[in-house]
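Q: Please see the structure below; I have some questions.
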Amino acid sequence: MIDLTTFGFGAAGIGNLYTEVTDADAEAALEAAWEAGVRYFDTAPHYGLGLSERRLGKFLADKPRDEYVLSTKVGRLLEPVDLPGLDLDNGFAVPRRYQRVYDYSADGVKRSVESSLDRLGLDRVDILLLHDPDDHWEQAAGEGA
């Protein structure tokens, strides 16, 4: 059984959702949540094209692993590209160094988890969620196991 705190920290904001957030401000927000007793943290590759996972992983690196619950999401793989501008069409003020590729297949889910763990710098997540499978439900339900 997973024991969750009453409040969780949704990490889209530290992935530069709608506006740039400095590393220092992201760290301060995470530290304030931790000091307030928050021990459930949710992120996704989608959030800032991996920035949220990298920042959250850096913060959690020195925290005892059995003291928090971490979730991330599958369904969007990040593939390198070199596009001009920021990813504001998807809501994130980050350079477009990656593109999202929807993949809910078993292989896509596995690759997504492995990539997330690399960005997080951790060996596991506690909860894995399907991210926006609406238009891809057939693949998610049929292949994603």
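Ordering of the structure tokens sets the chain letters (A, B, ...), residue numbers begin anew at 1 in every chain, and ligands are numbered from 1 in the order given.
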Skip Phe7 (chain A) itself and residues of its chain fewer than 3 positions away, then list as an MDAnalysis selection string all residues within 9 Å of it, counting only C-alpha atoms.
A: chainID A and resid 4 37:40
Q: Any chance you can output those residues with C-alpha atoms as an mmCIF file, in the first residue's frame?
A:
```cif
data_model
loop_
_atom_site.group_PDB
_atom_site.id
_atom_site.type_symbol
_atom_site.label_atom_id
_atom_site.label_comp_id
_atom_site.auth_asym_id
_atom_site.auth_seq_id
_atom_site.Cartn_x
_atom_site.Cartn_y
_atom_site.Cartn_z
ATOM 1 C CA LEU A 4 0.164 9.586 0.403
ATOM 2 C CA GLY A 37 5.319 18.107 5.131
ATOM 3 C CA VAL A 38 4.517 17.349 1.509
ATOM 4 C CA ARG A 39 5.888 13.933 0.604
ATOM 5 C CA TYR A 40 4.028 13.164 -2.635
#
```
Q: Which residues are near region 20-31 of chain A? Cut-off 9 Å, only C-alpha atoms, ignore same chain within fewer than 5 positions. Put them as a list in words.
A: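 Counting only the stated atoms, we get Phe9, Ala11, Gly13, Ile14, Gly15, Ala36, Arg55, Leu56, Lys58, Phe59, Phe92, Ala93 and Val94 of chain A.
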Q: Hey, can you spit out that residue selection with all heavy atoms as a JSON list (two decimals), in the first residue's frame?
A:
```json
[["chain", "number", "residue", "atom", "x", "y", "z"],
["A", 9, "PHE", "N", 2.72, 17.70, -4.46],
["A", 9, "PHE", "CA", 3.36, 18.76, -5.24],
["A", 9, "PHE", "C", 3.30, 18.38, -6.71],
["A", 9, "PHE", "O", 3.96, 17.43, -7.14],
["A", 9, "PHE", "CB", 4.83, 18.93, -4.80],
["A", 9, "PHE", "CG", 5.53, 20.09, -5.44],
["A", 9, "PHE", "CD1", 5.61, 21.31, -4.79],
["A", 9, "PHE", "CD2", 6.12, 19.96, -6.69],
["A", 9, "PHE", "CE1", 6.27, 22.38, -5.37],
["A", 9, "PHE", "CE2", 6.78, 21.03, -7.28],
["A", 9, "PHE", "CZ", 6.85, 22.25, -6.62],
["A", 11, "ALA", "N", 4.46, 19.04, -10.23],
["A", 11, "ALA", "CA", 5.71, 19.67, -10.65],
["A", 11, "ALA", "C", 5.68, 20.27, -12.06],
["A", 11, "ALA", "O", 6.74, 20.58, -12.60],
["A", 11, "ALA", "CB", 6.85, 18.66, -10.52],
["A", 13, "GLY", "N", 4.78, 23.26, -12.78],
["A", 13, "GLY", "CA", 5.25, 24.64, -12.62],
["A", 13, "GLY", "C", 6.76, 24.76, -12.65],
["A", 13, "GLY", "O", 7.30, 25.72, -13.21],
["A", 14, "ILE", "N", 7.47, 23.78, -12.08],
["A", 14, "ILE", "CA", 8.93, 23.85, -12.09],
["A", 14, "ILE", "C", 9.49, 23.35, -13.43],
["A", 14, "ILE", "O", 10.71, 23.35, -13.62],
["A", 14, "ILE", "CB", 9.58, 23.12, -10.90],
["A", 14, "ILE", "CG1", 9.31, 21.62, -10.95],
["A", 14, "ILE", "CG2", 9.14, 23.75, -9.59],
["A", 14, "ILE", "CD1", 10.16, 20.82, -9.98],
["A", 15, "GLY", "N", 8.60, 23.00, -14.34],
["A", 15, "GLY", "CA", 8.98, 22.71, -15.71],
["A", 15, "GLY", "C", 8.74, 23.90, -16.62],
["A", 15, "GLY", "O", 8.64, 23.77, -17.83],
["A", 36, "ALA", "N", 6.86, 21.91, 4.63],
["A", 36, "ALA", "CA", 5.44, 21.90, 5.03],
["A", 36, "ALA", "C", 4.90, 20.48, 5.21],
["A", 36, "ALA", "O", 3.74, 20.31, 5.57],
["A", 36, "ALA", "CB", 4.61, 22.65, 3.98],
["A", 55, "ARG", "N", 14.73, 18.73, -12.45],
["A", 55, "ARG", "CA", 14.76, 19.56, -11.25],
["A", 55, "ARG", "C", 14.27, 18.79, -10.02],
["A", 55, "ARG", "O", 14.86, 18.88, -8.94],
["A", 55, "ARG", "CB", 13.91, 20.81, -11.45],
["A", 55, "ARG", "CG", 14.59, 21.86, -12.30],
["A", 55, "ARG", "CD", 13.69, 23.05, -12.57],
["A", 55, "ARG", "NE", 14.45, 24.18, -13.09],
["A", 55, "ARG", "CZ", 13.89, 25.27, -13.57],
["A", 55, "ARG", "NH1", 12.55, 25.40, -13.60],
["A", 55, "ARG", "NH2", 14.63, 26.26, -14.03],
["A", 56, "LEU", "N", 13.21, 18.03, -10.19],
["A", 56, "LEU", "CA", 12.68, 17.27, -9.06],
["A", 56, "LEU", "C", 13.68, 16.21, -8.61],
["A", 56, "LEU", "O", 13.90, 16.02, -7.41],
["A", 56, "LEU", "CB", 11.34, 16.64, -9.44],
["A", 56, "LEU", "CG", 10.62, 15.86, -8.35],
["A", 56, "LEU", "CD1", 10.39, 16.71, -7.11],
["A", 56, "LEU", "CD2", 9.30, 15.31, -8.89],
["A", 58, "LYS", "N", 16.91, 16.23, -8.91],
["A", 58, "LYS", "CA", 18.02, 16.89, -8.23],
["A", 58, "LYS", "C", 17.65, 17.21, -6.78],
["A", 58, "LYS", "O", 18.44, 17.00, -5.86],
["A", 58, "LYS", "CB", 18.42, 18.16, -8.98],
["A", 58, "LYS", "CG", 19.59, 18.89, -8.37],
["A", 58, "LYS", "CD", 19.96, 20.13, -9.16],
["A", 58, "LYS", "CE", 21.09, 20.89, -8.46],
["A", 58, "LYS", "NZ", 21.35, 22.17, -9.09],
["A", 59, "PHE", "N", 16.43, 17.70, -6.59],
["A", 59, "PHE", "CA", 15.98, 18.04, -5.24],
["A", 59, "PHE", "C", 15.87, 16.79, -4.36],
["A", 59, "PHE", "O", 16.29, 16.79, -3.20],
["A", 59, "PHE", "CB", 14.62, 18.75, -5.28],
["A", 59, "PHE", "CG", 14.05, 19.00, -3.92],
["A", 59, "PHE", "CD1", 14.54, 20.03, -3.12],
["A", 59, "PHE", "CD2", 13.04, 18.19, -3.42],
["A", 59, "PHE", "CE1", 14.02, 20.24, -1.85],
["A", 59, "PHE", "CE2", 12.52, 18.40, -2.17],
["A", 59, "PHE", "CZ", 13.00, 19.43, -1.38],
["A", 92, "PHE", "N", 4.87, 25.46, -22.29],
["A", 92, "PHE", "CA", 6.09, 25.47, -21.51],
["A", 92, "PHE", "C", 7.12, 26.43, -22.10],
["A", 92, "PHE", "O", 7.43, 26.36, -23.29],
["A", 92, "PHE", "CB", 6.67, 24.06, -21.38],
["A", 92, "PHE", "CG", 5.77, 23.16, -20.58],
["A", 92, "PHE", "CD1", 4.82, 22.37, -21.21],
["A", 92, "PHE", "CD2", 5.83, 23.14, -19.20],
["A", 92, "PHE", "CE1", 3.95, 21.57, -20.48],
["A", 92, "PHE", "CE2", 4.97, 22.35, -18.46],
["A", 92, "PHE", "CZ", 4.03, 21.55, -19.10],
["A", 93, "ALA", "N", 7.67, 27.28, -21.24],
["A", 93, "ALA", "CA", 8.67, 28.27, -21.65],
["A", 93, "ALA", "C", 10.06, 27.64, -21.56],
["A", 93, "ALA", "O", 10.87, 27.98, -20.70],
["A", 93, "ALA", "CB", 8.57, 29.52, -20.78],
["A", 94, "VAL", "N", 10.29, 26.69, -22.46],
["A", 94, "VAL", "CA", 11.59, 26.00, -22.55],
["A", 94, "VAL", "C", 11.97, 25.90, -24.02],
["A", 94, "VAL", "O", 11.11, 25.83, -24.89],
["A", 94, "VAL", "CB", 11.55, 24.58, -21.92],
["A", 94, "VAL", "CG1", 11.29, 24.65, -20.42],
["A", 94, "VAL", "CG2", 10.53, 23.70, -22.61]]
```
Q: Please, which residues of region 70-131 of chain A, numbered as in this document, come out alpha helix (DSSP H) from DSSP, as a ChimeraX atom specification?
A: /A:106-120
Q: Just checking: using only C-alpha atoms, which residue out of A:Gly50, A:Ser115, A:Arg124, A:Gly8 ends up closest to Asp66 (chain A)?
A: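 Of the candidates, the smallest distance to Asp66 (chain A) is held by A:Arg124.
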Q: Would you mind writing down, as a list in words, each residue of chain A that DSSP on the backbone assigns to strand (DSSP E)?
A: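 The strand (DSSP E) subset of chain A is Gly8, Phe9, Gly10, Tyr40, Phe41, Asp42, Val69, Leu70, Ser71, Thr72, Lys73, Val74, Arg76, Leu77, Leu78, Glu79, Pro80, Tyr98, Gln99, Arg100, Val101, Tyr102, Ile127, Leu128, Leu129 and Leu130 of chain A.
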Q: Kindly save the residues from that selection, with N, CA, C and O atoms included, as a short mmCIF file (atom, residue, chain, number, x, y, z; two decimals), in the first residue's frame.
A:
```cif
data_model
loop_
_atom_site.label_atom_id
_atom_site.label_comp_id
_atom_site.auth_asym_id
_atom_site.auth_seq_id
_atom_site.Cartn_x
_atom_site.Cartn_y
_atom_site.Cartn_z
N GLY A 8 -0.11 17.05 -2.34
CA GLY A 8 1.02 16.67 -3.17
C GLY A 8 1.55 17.87 -3.90
O GLY A 8 0.91 18.93 -3.96
N PHE A 9 2.72 17.70 -4.46
CA PHE A 9 3.36 18.76 -5.24
C PHE A 9 3.30 18.38 -6.71
O PHE A 9 3.96 17.43 -7.14
N GLY A 10 2.49 19.10 -7.47
CA GLY A 10 2.43 18.92 -8.91
C GLY A 10 3.55 19.72 -9.55
O GLY A 10 3.60 20.95 -9.41
N TYR A 40 4.44 13.74 -1.35
CA TYR A 40 4.03 13.16 -2.63
C TYR A 40 4.34 14.17 -3.73
O TYR A 40 3.91 15.33 -3.68
N PHE A 41 5.11 13.74 -4.71
CA PHE A 41 5.55 14.59 -5.81
C PHE A 41 5.17 13.93 -7.13
O PHE A 41 5.44 12.74 -7.34
N ASP A 42 4.55 14.71 -8.02
CA ASP A 42 4.12 14.20 -9.32
C ASP A 42 4.77 15.02 -10.42
O ASP A 42 4.78 16.25 -10.38
N VAL A 69 6.83 9.76 -1.85
CA VAL A 69 6.20 9.01 -2.93
C VAL A 69 6.34 9.84 -4.20
O VAL A 69 6.10 11.05 -4.20
N LEU A 70 6.71 9.17 -5.28
CA LEU A 70 6.97 9.86 -6.54
C LEU A 70 6.16 9.21 -7.66
O LEU A 70 6.15 7.99 -7.80
N SER A 71 5.49 10.04 -8.43
CA SER A 71 4.81 9.54 -9.62
C SER A 71 5.30 10.30 -10.85
O SER A 71 5.69 11.47 -10.77
N THR A 72 5.30 9.60 -11.96
CA THR A 72 5.54 10.22 -13.26
C THR A 72 4.58 9.57 -14.24
O THR A 72 3.75 8.74 -13.87
N LYS A 73 4.69 9.96 -15.49
CA LYS A 73 3.70 9.53 -16.47
C LYS A 73 4.38 8.94 -17.70
O LYS A 73 5.54 9.23 -17.98
N VAL A 74 3.61 8.12 -18.42
CA VAL A 74 4.07 7.54 -19.68
C VAL A 74 3.09 7.92 -20.77
O VAL A 74 1.96 8.31 -20.51
N ARG A 76 4.25 9.79 -23.65
CA ARG A 76 4.96 10.74 -24.51
C ARG A 76 6.46 10.53 -24.35
O ARG A 76 7.00 10.74 -23.28
N LEU A 77 7.08 10.12 -25.42
CA LEU A 77 8.54 10.00 -25.44
C LEU A 77 9.13 11.32 -25.91
O LEU A 77 8.52 12.02 -26.73
N LEU A 78 10.29 11.65 -25.42
CA LEU A 78 10.98 12.86 -25.85
C LEU A 78 12.10 12.48 -26.81
O LEU A 78 13.00 11.73 -26.44
N GLU A 79 12.01 12.99 -28.02
CA GLU A 79 13.03 12.72 -29.03
C GLU A 79 13.74 14.03 -29.39
O GLU A 79 13.08 15.06 -29.59
N PRO A 80 15.07 14.00 -29.47
CA PRO A 80 15.83 15.23 -29.75
C PRO A 80 15.47 15.84 -31.11
O PRO A 80 15.27 15.13 -32.09
N TYR A 98 13.52 19.06 -27.76
CA TYR A 98 12.89 17.74 -27.88
C TYR A 98 11.51 17.90 -28.48
O TYR A 98 10.90 18.97 -28.38
N GLN A 99 11.02 16.83 -29.07
CA GLN A 99 9.62 16.79 -29.49
C GLN A 99 8.96 15.61 -28.79
O GLN A 99 9.61 14.62 -28.48
N ARG A 100 7.68 15.77 -28.51
CA ARG A 100 6.92 14.70 -27.87
C ARG A 100 6.40 13.76 -28.94
O ARG A 100 5.82 14.21 -29.92
N VAL A 101 6.59 12.47 -28.71
CA VAL A 101 6.07 11.45 -29.61
C VAL A 101 5.18 10.55 -28.78
O VAL A 101 5.63 9.93 -27.80
N TYR A 102 3.91 10.49 -29.14
CA TYR A 102 2.97 9.64 -28.41
C TYR A 102 3.30 8.17 -28.68
O TYR A 102 3.44 7.76 -29.82
N ILE A 127 4.48 5.42 -8.45
CA ILE A 127 3.22 5.42 -9.19
C ILE A 127 3.52 5.80 -10.63
O ILE A 127 4.25 6.76 -10.87
N LEU A 128 2.96 5.05 -11.55
CA LEU A 128 3.13 5.32 -12.97
C LEU A 128 1.75 5.56 -13.56
O LEU A 128 0.86 4.72 -13.43
N LEU A 129 1.57 6.71 -14.20
CA LEU A 129 0.27 7.10 -14.73
C LEU A 129 0.32 7.21 -16.25
O LEU A 129 1.35 7.59 -16.81
N LEU A 130 -0.80 6.89 -16.92
CA LEU A 130 -0.93 7.15 -18.36
C LEU A 130 -1.25 8.62 -18.53
O LEU A 130 -2.20 9.13 -17.93
#
```
